[in-house]
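Everything below belongs to query_29.tsv, which stores TSV, C-alpha atoms.
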chain	number	residue	atom	x	y	z
Q	1	MET	CA	94.82	109.87	81.39
Q	2	LYS	CA	92.63	108.38	84.06
Q	3	GLU	CA	91.59	111.10	86.49
Q	4	ASN	CA	89.53	109.63	89.32
Q	5	VAL	CA	90.94	108.43	92.66
Q	6	LEU	CA	88.40	105.63	92.60
Q	7	ASP	CA	89.82	104.46	89.25
Q	8	VAL	CA	93.24	104.12	90.89
Q	9	LEU	CA	91.74	102.28	93.88
Q	10	ILE	CA	89.75	99.88	91.70
Q	11	TYR	CA	92.82	99.19	89.57
Q	12	MET	CA	94.87	98.43	92.69
Q	13	PHE	CA	92.09	96.30	94.17
Q	14	GLU	CA	91.63	94.25	91.00
Q	15	ASN	CA	95.33	93.77	90.34
Q	16	TYR	CA	96.86	93.43	93.79
Q	17	MET	CA	94.34	92.66	96.53
Q	18	PHE	CA	93.54	89.14	95.41
Q	19	ASP	CA	96.92	88.26	93.91
Q	20	GLU	CA	97.61	84.95	95.62
Q	21	GLN	CA	101.02	84.50	94.00
Q	22	GLU	CA	102.69	87.16	96.16
Q	23	GLU	CA	101.98	87.17	99.86
Q	24	TYR	CA	102.81	90.85	100.35
Q	25	GLY	CA	102.57	92.33	96.85
Q	26	PRO	CA	104.85	95.00	95.45
Q	27	ASP	CA	106.32	97.75	97.63
Q	28	GLN	CA	104.81	101.23	97.38
Q	29	GLU	CA	107.55	102.61	95.12
Q	30	THR	CA	107.11	99.77	92.62
Q	31	LEU	CA	103.36	100.15	92.79
Q	32	VAL	CA	103.60	103.89	92.10
Q	33	GLN	CA	105.73	103.17	89.01
Q	34	GLU	CA	103.27	100.55	87.77
Q	35	LEU	CA	100.30	102.87	88.32
Q	36	SER	CA	102.10	105.67	86.46
Q	37	GLN	CA	102.79	103.30	83.57
Q	38	ALA	CA	99.09	102.37	83.58
Q	39	GLY	CA	98.28	106.05	82.93
Q	40	PHE	CA	97.40	107.38	86.37
Q	41	GLU	CA	98.56	110.86	87.41
Q	42	HIS	CA	100.87	111.13	90.42
Q	43	GLY	CA	98.39	113.37	92.26
Q	44	MET	CA	95.66	110.74	91.97
Q	45	ILE	CA	98.06	107.99	93.01
Q	46	ASP	CA	99.03	109.97	96.11
Q	47	ARG	CA	95.37	110.59	96.96
Q	48	ALA	CA	94.64	106.86	96.55
Q	49	PHE	CA	97.43	105.96	98.97
Q	50	ASP	CA	96.15	108.57	101.43
Q	51	TRP	CA	92.66	107.05	101.10
Q	52	LEU	CA	94.02	103.55	101.80
Q	53	GLU	CA	96.04	104.80	104.76
Q	54	ASN	CA	92.93	106.44	106.22
Q	55	LEU	CA	91.02	103.19	105.75
Q	56	ALA	CA	93.77	101.23	107.50
Q	57	GLN	CA	93.65	103.65	110.43
Q	58	LEU	CA	89.86	103.34	110.66
Q	59	CYS	CA	90.15	99.55	110.69
Q	60	GLU	CA	92.79	99.62	113.43
Q	61	GLN	CA	90.61	101.87	115.57
Q	62	SER	CA	87.49	99.75	115.03
Q	63	PRO	CA	88.03	96.09	115.83
Q	64	VAL	CA	85.58	93.62	114.32
Q	65	THR	CA	82.83	92.93	116.82
Q	66	PRO	CA	79.95	90.50	116.71
Q	67	PRO	CA	76.87	92.08	115.18
Q	68	ALA	CA	74.35	93.38	117.65
Q	69	LYS	CA	70.65	93.80	117.02
Q	70	GLN	CA	70.25	97.30	115.72
Q	71	ASP	CA	66.91	99.04	115.68
Q	72	ALA	CA	68.43	102.45	115.05
Q	73	LEU	CA	68.05	104.20	111.72
Q	74	ARG	CA	71.01	106.03	110.19
Q	75	HIS	CA	70.26	109.66	109.32
Q	76	TYR	CA	72.50	111.12	106.64
Q	77	THR	CA	73.90	114.63	106.78
Q	78	ALA	CA	72.96	116.91	103.87
Q	79	PRO	CA	76.35	116.45	102.11
Q	80	GLU	CA	76.16	112.65	102.58
Q	81	ALA	CA	72.59	112.47	101.27
Q	82	GLU	CA	73.50	114.62	98.28
Q	83	ARG	CA	76.53	112.55	97.31
Q	84	LEU	CA	75.05	109.13	98.01
Q	85	GLY	CA	71.52	109.50	96.74
Q	86	VAL	CA	68.54	107.36	97.63
Q	87	GLU	CA	69.65	104.20	95.79
Q	88	ALA	CA	73.03	104.08	97.52
Q	89	GLN	CA	71.44	104.71	100.91
Q	90	GLY	CA	68.99	101.89	100.21
Q	91	LEU	CA	71.80	99.51	99.26
Q	92	LEU	CA	73.68	100.32	102.45
Q	93	LEU	CA	70.54	99.72	104.51
Q	94	ASN	CA	69.83	96.41	102.75
Q	95	LEU	CA	73.40	95.19	103.22
Q	96	GLU	CA	73.23	96.07	106.89
Q	97	GLN	CA	69.89	94.29	107.30
Q	98	CYS	CA	71.36	91.21	105.60
Q	99	GLY	CA	74.34	91.20	107.93
Q	100	VAL	CA	76.93	92.01	105.26
Q	101	LEU	CA	77.66	95.34	106.94
Q	102	ASP	CA	77.54	96.08	110.63
Q	103	PRO	CA	77.13	99.63	111.96
Q	104	VAL	CA	80.90	100.08	112.24
Q	105	SER	CA	81.67	98.91	108.70
Q	106	ARG	CA	78.73	100.95	107.35
Q	107	GLU	CA	80.24	104.08	108.91
Q	108	MET	CA	83.64	103.21	107.45
Q	109	VAL	CA	82.05	102.89	104.02
Q	110	ILE	CA	80.33	106.26	104.37
Q	111	ASP	CA	83.53	107.92	105.64
Q	112	GLN	CA	85.55	106.49	102.77
Q	113	LEU	CA	82.93	107.48	100.20
Q	114	MET	CA	82.97	111.05	101.48
Q	115	ALA	CA	86.79	111.05	101.41
Q	116	LEU	CA	86.74	110.38	97.66
Q	117	GLY	CA	85.74	114.00	97.10
Q	118	VAL	CA	83.45	113.28	94.15
Q	119	ASP	CA	80.12	115.02	93.60
Q	120	SER	CA	78.02	111.85	93.44
Q	121	ILE	CA	78.49	108.14	93.96
Q	122	ASP	CA	77.01	105.63	91.56
Q	123	LEU	CA	76.06	102.14	92.73
Q	124	ASP	CA	78.97	100.40	91.03
Q	125	HIS	CA	81.45	102.68	92.78
Q	126	LEU	CA	79.64	102.18	96.07
Q	127	LYS	CA	79.95	98.42	95.67
Q	128	TRP	CA	83.69	98.69	95.04
Q	129	VAL	CA	84.18	100.84	98.13
Q	130	ILE	CA	82.16	98.37	100.21
Q	131	LEU	CA	84.37	95.50	99.03
Q	132	MET	CA	87.53	97.50	99.76
Q	133	VAL	CA	86.33	98.38	103.25
Q	134	LEU	CA	85.22	94.83	104.01
Q	135	SER	CA	88.47	93.34	102.72
Q	136	ASN	CA	90.42	95.57	105.10
Q	137	TYR	CA	87.97	95.50	108.01
Q	138	ALA	CA	87.65	91.73	108.15
Q	139	GLU	CA	91.14	91.06	106.81
Q	140	SER	CA	91.68	87.86	108.77
Q	141	ASP	CA	88.50	86.26	107.45
Q	142	GLY	CA	88.58	87.75	103.97
Q	143	ILE	CA	85.47	88.33	101.94
Q	144	SER	CA	83.27	85.31	101.52
Q	145	ASP	CA	81.93	84.45	98.08
Q	146	LEU	CA	78.41	85.08	99.38
Q	147	THR	CA	79.35	88.54	100.66
Q	148	GLU	CA	81.00	89.43	97.36
Q	149	ALA	CA	77.96	88.16	95.44
Q	150	LEU	CA	75.57	90.11	97.67
Q	151	VAL	CA	77.51	93.30	97.19
Q	152	MET	CA	78.30	93.02	93.48
Q	153	GLU	CA	75.33	91.12	92.07
Q	154	GLY	CA	72.48	92.18	94.27
Q	155	LEU	CA	70.51	91.09	97.27
Q	156	HIS	CA	68.44	88.35	95.64
Q	157	THR	CA	69.83	85.71	97.99
Q	158	CYS	CA	69.28	87.80	101.09
Q	159	ILE	CA	66.14	86.92	102.97
Q	160	HIS	CA	65.00	89.23	105.79
Hey, can you dump this file as structure tokens for me?
Amino acid sequence: MKENVLDVLIYMFENYMFDEQEEYGPDQETLVQELSQAGFEHGMIDRAFDWLENLAQLCEQSPVTPPAKQDALRHYTAPEAERLGVEAQGLLLNLEQCGVLDPVSREMVIDQLMALGVDSIDLDHLKWVILMVLSNYAESDGISDLTEALVMEGLHTCIH
């Protein structure tokens, strides 16, 4: 059995978010059945849907705005710093400096990471959450290939 909410979310993201054959994808009941057949527990499936619903609400409340020059530095709370670690905080800062994340999307990423309820976040999981947030936040534009490459492969192409 797969036991992590993030495993469910990644599975859904990989299998349904970029499926261009179906415009709307399967309904929730069908998706729950498919996730159960894939080995996910119902409790984790429910938590994944709650996570996605929370993300949708955050995106509705925070319309995409043009990036503004930001000289402010984000200070992490003790629980955030403990879960994220220095590498994850550095990646978030770099992605914001490169223009991949704006302050609003950065906060959505942090909120969604904290909502996972795991003790620590590794960089691969952080990257997946960033892609999920960006795909919902900028839904009309989608995620550009450059943005996906910057998040998943690294910041080698980002020049400050």
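With only C-alpha atoms as the atoms that count, the minimum distance from Q:Leu73 to the choices Q:Val118, Q:Gln97, Q:Leu55, Q:Ala88 is reached by Q:Gln97.
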Residues near Q:Ile121, cut-off 7 Å, only C-alpha atoms, skip fewer than 3 positions along chain, as a PyMOL selection string = chain Q and resi 83-84+125-126
Quick one: distance from atom CA of Q:Thr30 to atom CA of Q:Ile130 in Å, one decimal?
-> 26.1 Å
So how many Å separate atom CA of Q:Gly43 and atom CA of Q:Asp111, to one decimal?
->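 Between atom CA of Q:Gly43 and atom CA of Q:Asp111 the gap is 20.7 Å.
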Kindly give the distance, in Å, that separates atom CA of Q:Gly85 and atom CA of Q:Lys127, rounded to a single decimal.
->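 So the two atoms, atom CA of Q:Gly85 and atom CA of Q:Lys127, lie 14.0 Å apart.
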For stretch 26-60 of chain Q of the block above, can you save N, CA and C atoms as a PDB file, in the first residue's frame?
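Printed below is part-v1.pdb as written:
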ATOM      1  N   PRO Q  26     -11.701  12.272 -15.636  1.00  0.00           N
ATOM      2  CA  PRO Q  26     -12.753  11.475 -15.003  1.00  0.00           C
ATOM      3  C   PRO Q  26     -13.412  12.232 -13.852  1.00  0.00           C
ATOM      4  N   ASP Q  27     -14.656  11.825 -13.532  1.00  0.00           N
ATOM      5  CA  ASP Q  27     -15.320  12.437 -12.376  1.00  0.00           C
ATOM      6  C   ASP Q  27     -14.668  11.905 -11.100  1.00  0.00           C
ATOM      7  N   GLN Q  28     -14.997  12.535  -9.976  1.00  0.00           N
ATOM      8  CA  GLN Q  28     -14.325  12.208  -8.719  1.00  0.00           C
ATOM      9  C   GLN Q  28     -14.563  10.757  -8.310  1.00  0.00           C
ATOM     10  N   GLU Q  29     -15.775  10.259  -8.499  1.00  0.00           N
ATOM     11  CA  GLU Q  29     -16.081   8.877  -8.117  1.00  0.00           C
ATOM     12  C   GLU Q  29     -15.233   7.882  -8.911  1.00  0.00           C
ATOM     13  N   THR Q  30     -15.121   8.106 -10.217  1.00  0.00           N
ATOM     14  CA  THR Q  30     -14.300   7.247 -11.057  1.00  0.00           C
ATOM     15  C   THR Q  30     -12.840   7.345 -10.649  1.00  0.00           C
ATOM     16  N   LEU Q  31     -12.400   8.545 -10.375  1.00  0.00           N
ATOM     17  CA  LEU Q  31     -11.015   8.760  -9.964  1.00  0.00           C
ATOM     18  C   LEU Q  31     -10.718   8.055  -8.641  1.00  0.00           C
ATOM     19  N   VAL Q  32     -11.632   8.108  -7.699  1.00  0.00           N
ATOM     20  CA  VAL Q  32     -11.452   7.412  -6.417  1.00  0.00           C
ATOM     21  C   VAL Q  32     -11.308   5.912  -6.648  1.00  0.00           C
ATOM     22  N   GLN Q  33     -12.136   5.351  -7.527  1.00  0.00           N
ATOM     23  CA  GLN Q  33     -12.048   3.917  -7.839  1.00  0.00           C
ATOM     24  C   GLN Q  33     -10.692   3.579  -8.460  1.00  0.00           C
ATOM     25  N   GLU Q  34     -10.249   4.404  -9.400  1.00  0.00           N
ATOM     26  CA  GLU Q  34      -8.970   4.157 -10.057  1.00  0.00           C
ATOM     27  C   GLU Q  34      -7.807   4.268  -9.074  1.00  0.00           C
ATOM     28  N   LEU Q  35      -7.870   5.238  -8.177  1.00  0.00           N
ATOM     29  CA  LEU Q  35      -6.818   5.394  -7.173  1.00  0.00           C
ATOM     30  C   LEU Q  35      -6.812   4.217  -6.208  1.00  0.00           C
ATOM     31  N   SER Q  36      -7.985   3.729  -5.842  1.00  0.00           N
ATOM     32  CA  SER Q  36      -8.074   2.554  -4.964  1.00  0.00           C
ATOM     33  C   SER Q  36      -7.463   1.335  -5.656  1.00  0.00           C
ATOM     34  N   GLN Q  37      -7.767   1.175  -6.936  1.00  0.00           N
ATOM     35  CA  GLN Q  37      -7.219   0.056  -7.703  1.00  0.00           C
ATOM     36  C   GLN Q  37      -5.703   0.170  -7.847  1.00  0.00           C
ATOM     37  N   ALA Q  38      -5.187   1.403  -7.806  1.00  0.00           N
ATOM     38  CA  ALA Q  38      -3.742   1.621  -7.907  1.00  0.00           C
ATOM     39  C   ALA Q  38      -3.039   1.351  -6.575  1.00  0.00           C
ATOM     40  N   GLY Q  39      -3.827   1.095  -5.506  1.00  0.00           N
ATOM     41  CA  GLY Q  39      -3.242   0.730  -4.230  1.00  0.00           C
ATOM     42  C   GLY Q  39      -3.253   1.804  -3.172  1.00  0.00           C
ATOM     43  N   PHE Q  40      -3.948   2.896  -3.405  1.00  0.00           N
ATOM     44  CA  PHE Q  40      -4.006   3.969  -2.416  1.00  0.00           C
ATOM     45  C   PHE Q  40      -5.150   3.731  -1.439  1.00  0.00           C
ATOM     46  N   GLU Q  41      -4.914   4.037  -0.167  1.00  0.00           N
ATOM     47  CA  GLU Q  41      -5.932   3.897   0.865  1.00  0.00           C
ATOM     48  C   GLU Q  41      -6.955   5.019   0.738  1.00  0.00           C
ATOM     49  N   HIS Q  42      -8.201   4.718   1.111  1.00  0.00           N
ATOM     50  CA  HIS Q  42      -9.269   5.714   0.998  1.00  0.00           C
ATOM     51  C   HIS Q  42      -8.987   6.956   1.832  1.00  0.00           C
ATOM     52  N   GLY Q  43      -8.389   6.795   3.005  1.00  0.00           N
ATOM     53  CA  GLY Q  43      -8.062   7.954   3.837  1.00  0.00           C
ATOM     54  C   GLY Q  43      -7.088   8.898   3.137  1.00  0.00           C
ATOM     55  N   MET Q  44      -6.100   8.337   2.473  1.00  0.00           N
ATOM     56  CA  MET Q  44      -5.123   9.163   1.756  1.00  0.00           C
ATOM     57  C   MET Q  44      -5.756   9.815   0.528  1.00  0.00           C
ATOM     58  N   ILE Q  45      -6.645   9.097  -0.125  1.00  0.00           N
ATOM     59  CA  ILE Q  45      -7.346   9.658  -1.285  1.00  0.00           C
ATOM     60  C   ILE Q  45      -8.191  10.849  -0.844  1.00  0.00           C
ATOM     61  N   ASP Q  46      -8.921  10.685   0.261  1.00  0.00           N
ATOM     62  CA  ASP Q  46      -9.740  11.787   0.784  1.00  0.00           C
ATOM     63  C   ASP Q  46      -8.867  12.987   1.147  1.00  0.00           C
ATOM     64  N   ARG Q  47      -7.742  12.742   1.797  1.00  0.00           N
ATOM     65  CA  ARG Q  47      -6.844  13.840   2.165  1.00  0.00           C
ATOM     66  C   ARG Q  47      -6.295  14.539   0.915  1.00  0.00           C
ATOM     67  N   ALA Q  48      -6.016  13.776  -0.139  1.00  0.00           N
ATOM     68  CA  ALA Q  48      -5.521  14.373  -1.388  1.00  0.00           C
ATOM     69  C   ALA Q  48      -6.586  15.271  -2.018  1.00  0.00           C
ATOM     70  N   PHE Q  49      -7.839  14.823  -2.005  1.00  0.00           N
ATOM     71  CA  PHE Q  49      -8.908  15.662  -2.545  1.00  0.00           C
ATOM     72  C   PHE Q  49      -9.107  16.915  -1.699  1.00  0.00           C
ATOM     73  N   ASP Q  50      -8.997  16.779  -0.384  1.00  0.00           N
ATOM     74  CA  ASP Q  50      -9.079  17.957   0.490  1.00  0.00           C
ATOM     75  C   ASP Q  50      -7.951  18.939   0.174  1.00  0.00           C
ATOM     76  N   TRP Q  51      -6.754  18.415  -0.047  1.00  0.00           N
ATOM     77  CA  TRP Q  51      -5.584  19.233  -0.373  1.00  0.00           C
ATOM     78  C   TRP Q  51      -5.823  20.002  -1.674  1.00  0.00           C
ATOM     79  N   LEU Q  52      -6.345  19.297  -2.679  1.00  0.00           N
ATOM     80  CA  LEU Q  52      -6.626  19.933  -3.972  1.00  0.00           C
ATOM     81  C   LEU Q  52      -7.735  20.968  -3.857  1.00  0.00           C
ATOM     82  N   GLU Q  53      -8.735  20.692  -3.040  1.00  0.00           N
ATOM     83  CA  GLU Q  53      -9.813  21.657  -2.841  1.00  0.00           C
ATOM     84  C   GLU Q  53      -9.287  22.918  -2.160  1.00  0.00           C
ATOM     85  N   ASN Q  54      -8.421  22.743  -1.173  1.00  0.00           N
ATOM     86  CA  ASN Q  54      -7.805  23.884  -0.504  1.00  0.00           C
ATOM     87  C   ASN Q  54      -6.979  24.707  -1.492  1.00  0.00           C
ATOM     88  N   LEU Q  55      -6.241  24.029  -2.356  1.00  0.00           N
ATOM     89  CA  LEU Q  55      -5.449  24.727  -3.370  1.00  0.00           C
ATOM     90  C   LEU Q  55      -6.359  25.515  -4.315  1.00  0.00           C
ATOM     91  N   ALA Q  56      -7.446  24.916  -4.731  1.00  0.00           N
ATOM     92  CA  ALA Q  56      -8.386  25.607  -5.624  1.00  0.00           C
ATOM     93  C   ALA Q  56      -8.946  26.858  -4.957  1.00  0.00           C
ATOM     94  N   GLN Q  57      -9.262  26.754  -3.671  1.00  0.00           N
ATOM     95  CA  GLN Q  57      -9.772  27.913  -2.944  1.00  0.00           C
ATOM     96  C   GLN Q  57      -8.716  29.010  -2.838  1.00  0.00           C
ATOM     97  N   LEU Q  58      -7.469  28.627  -2.569  1.00  0.00           N
ATOM     98  CA  LEU Q  58      -6.388  29.612  -2.513  1.00  0.00           C
ATOM     99  C   LEU Q  58      -6.237  30.329  -3.845  1.00  0.00           C
ATOM    100  N   CYS Q  59      -6.323  29.572  -4.931  1.00  0.00           N
ATOM    101  CA  CYS Q  59      -6.162  30.161  -6.261  1.00  0.00           C
ATOM    102  C   CYS Q  59      -7.313  31.106  -6.595  1.00  0.00           C
ATOM    103  N   GLU Q  60      -8.517  30.756  -6.183  1.00  0.00           N
ATOM    104  CA  GLU Q  60      -9.665  31.637  -6.417  1.00  0.00           C
ATOM    105  C   GLU Q  60      -9.534  32.942  -5.644  1.00  0.00           C
TER     106      GLU Q  60
END
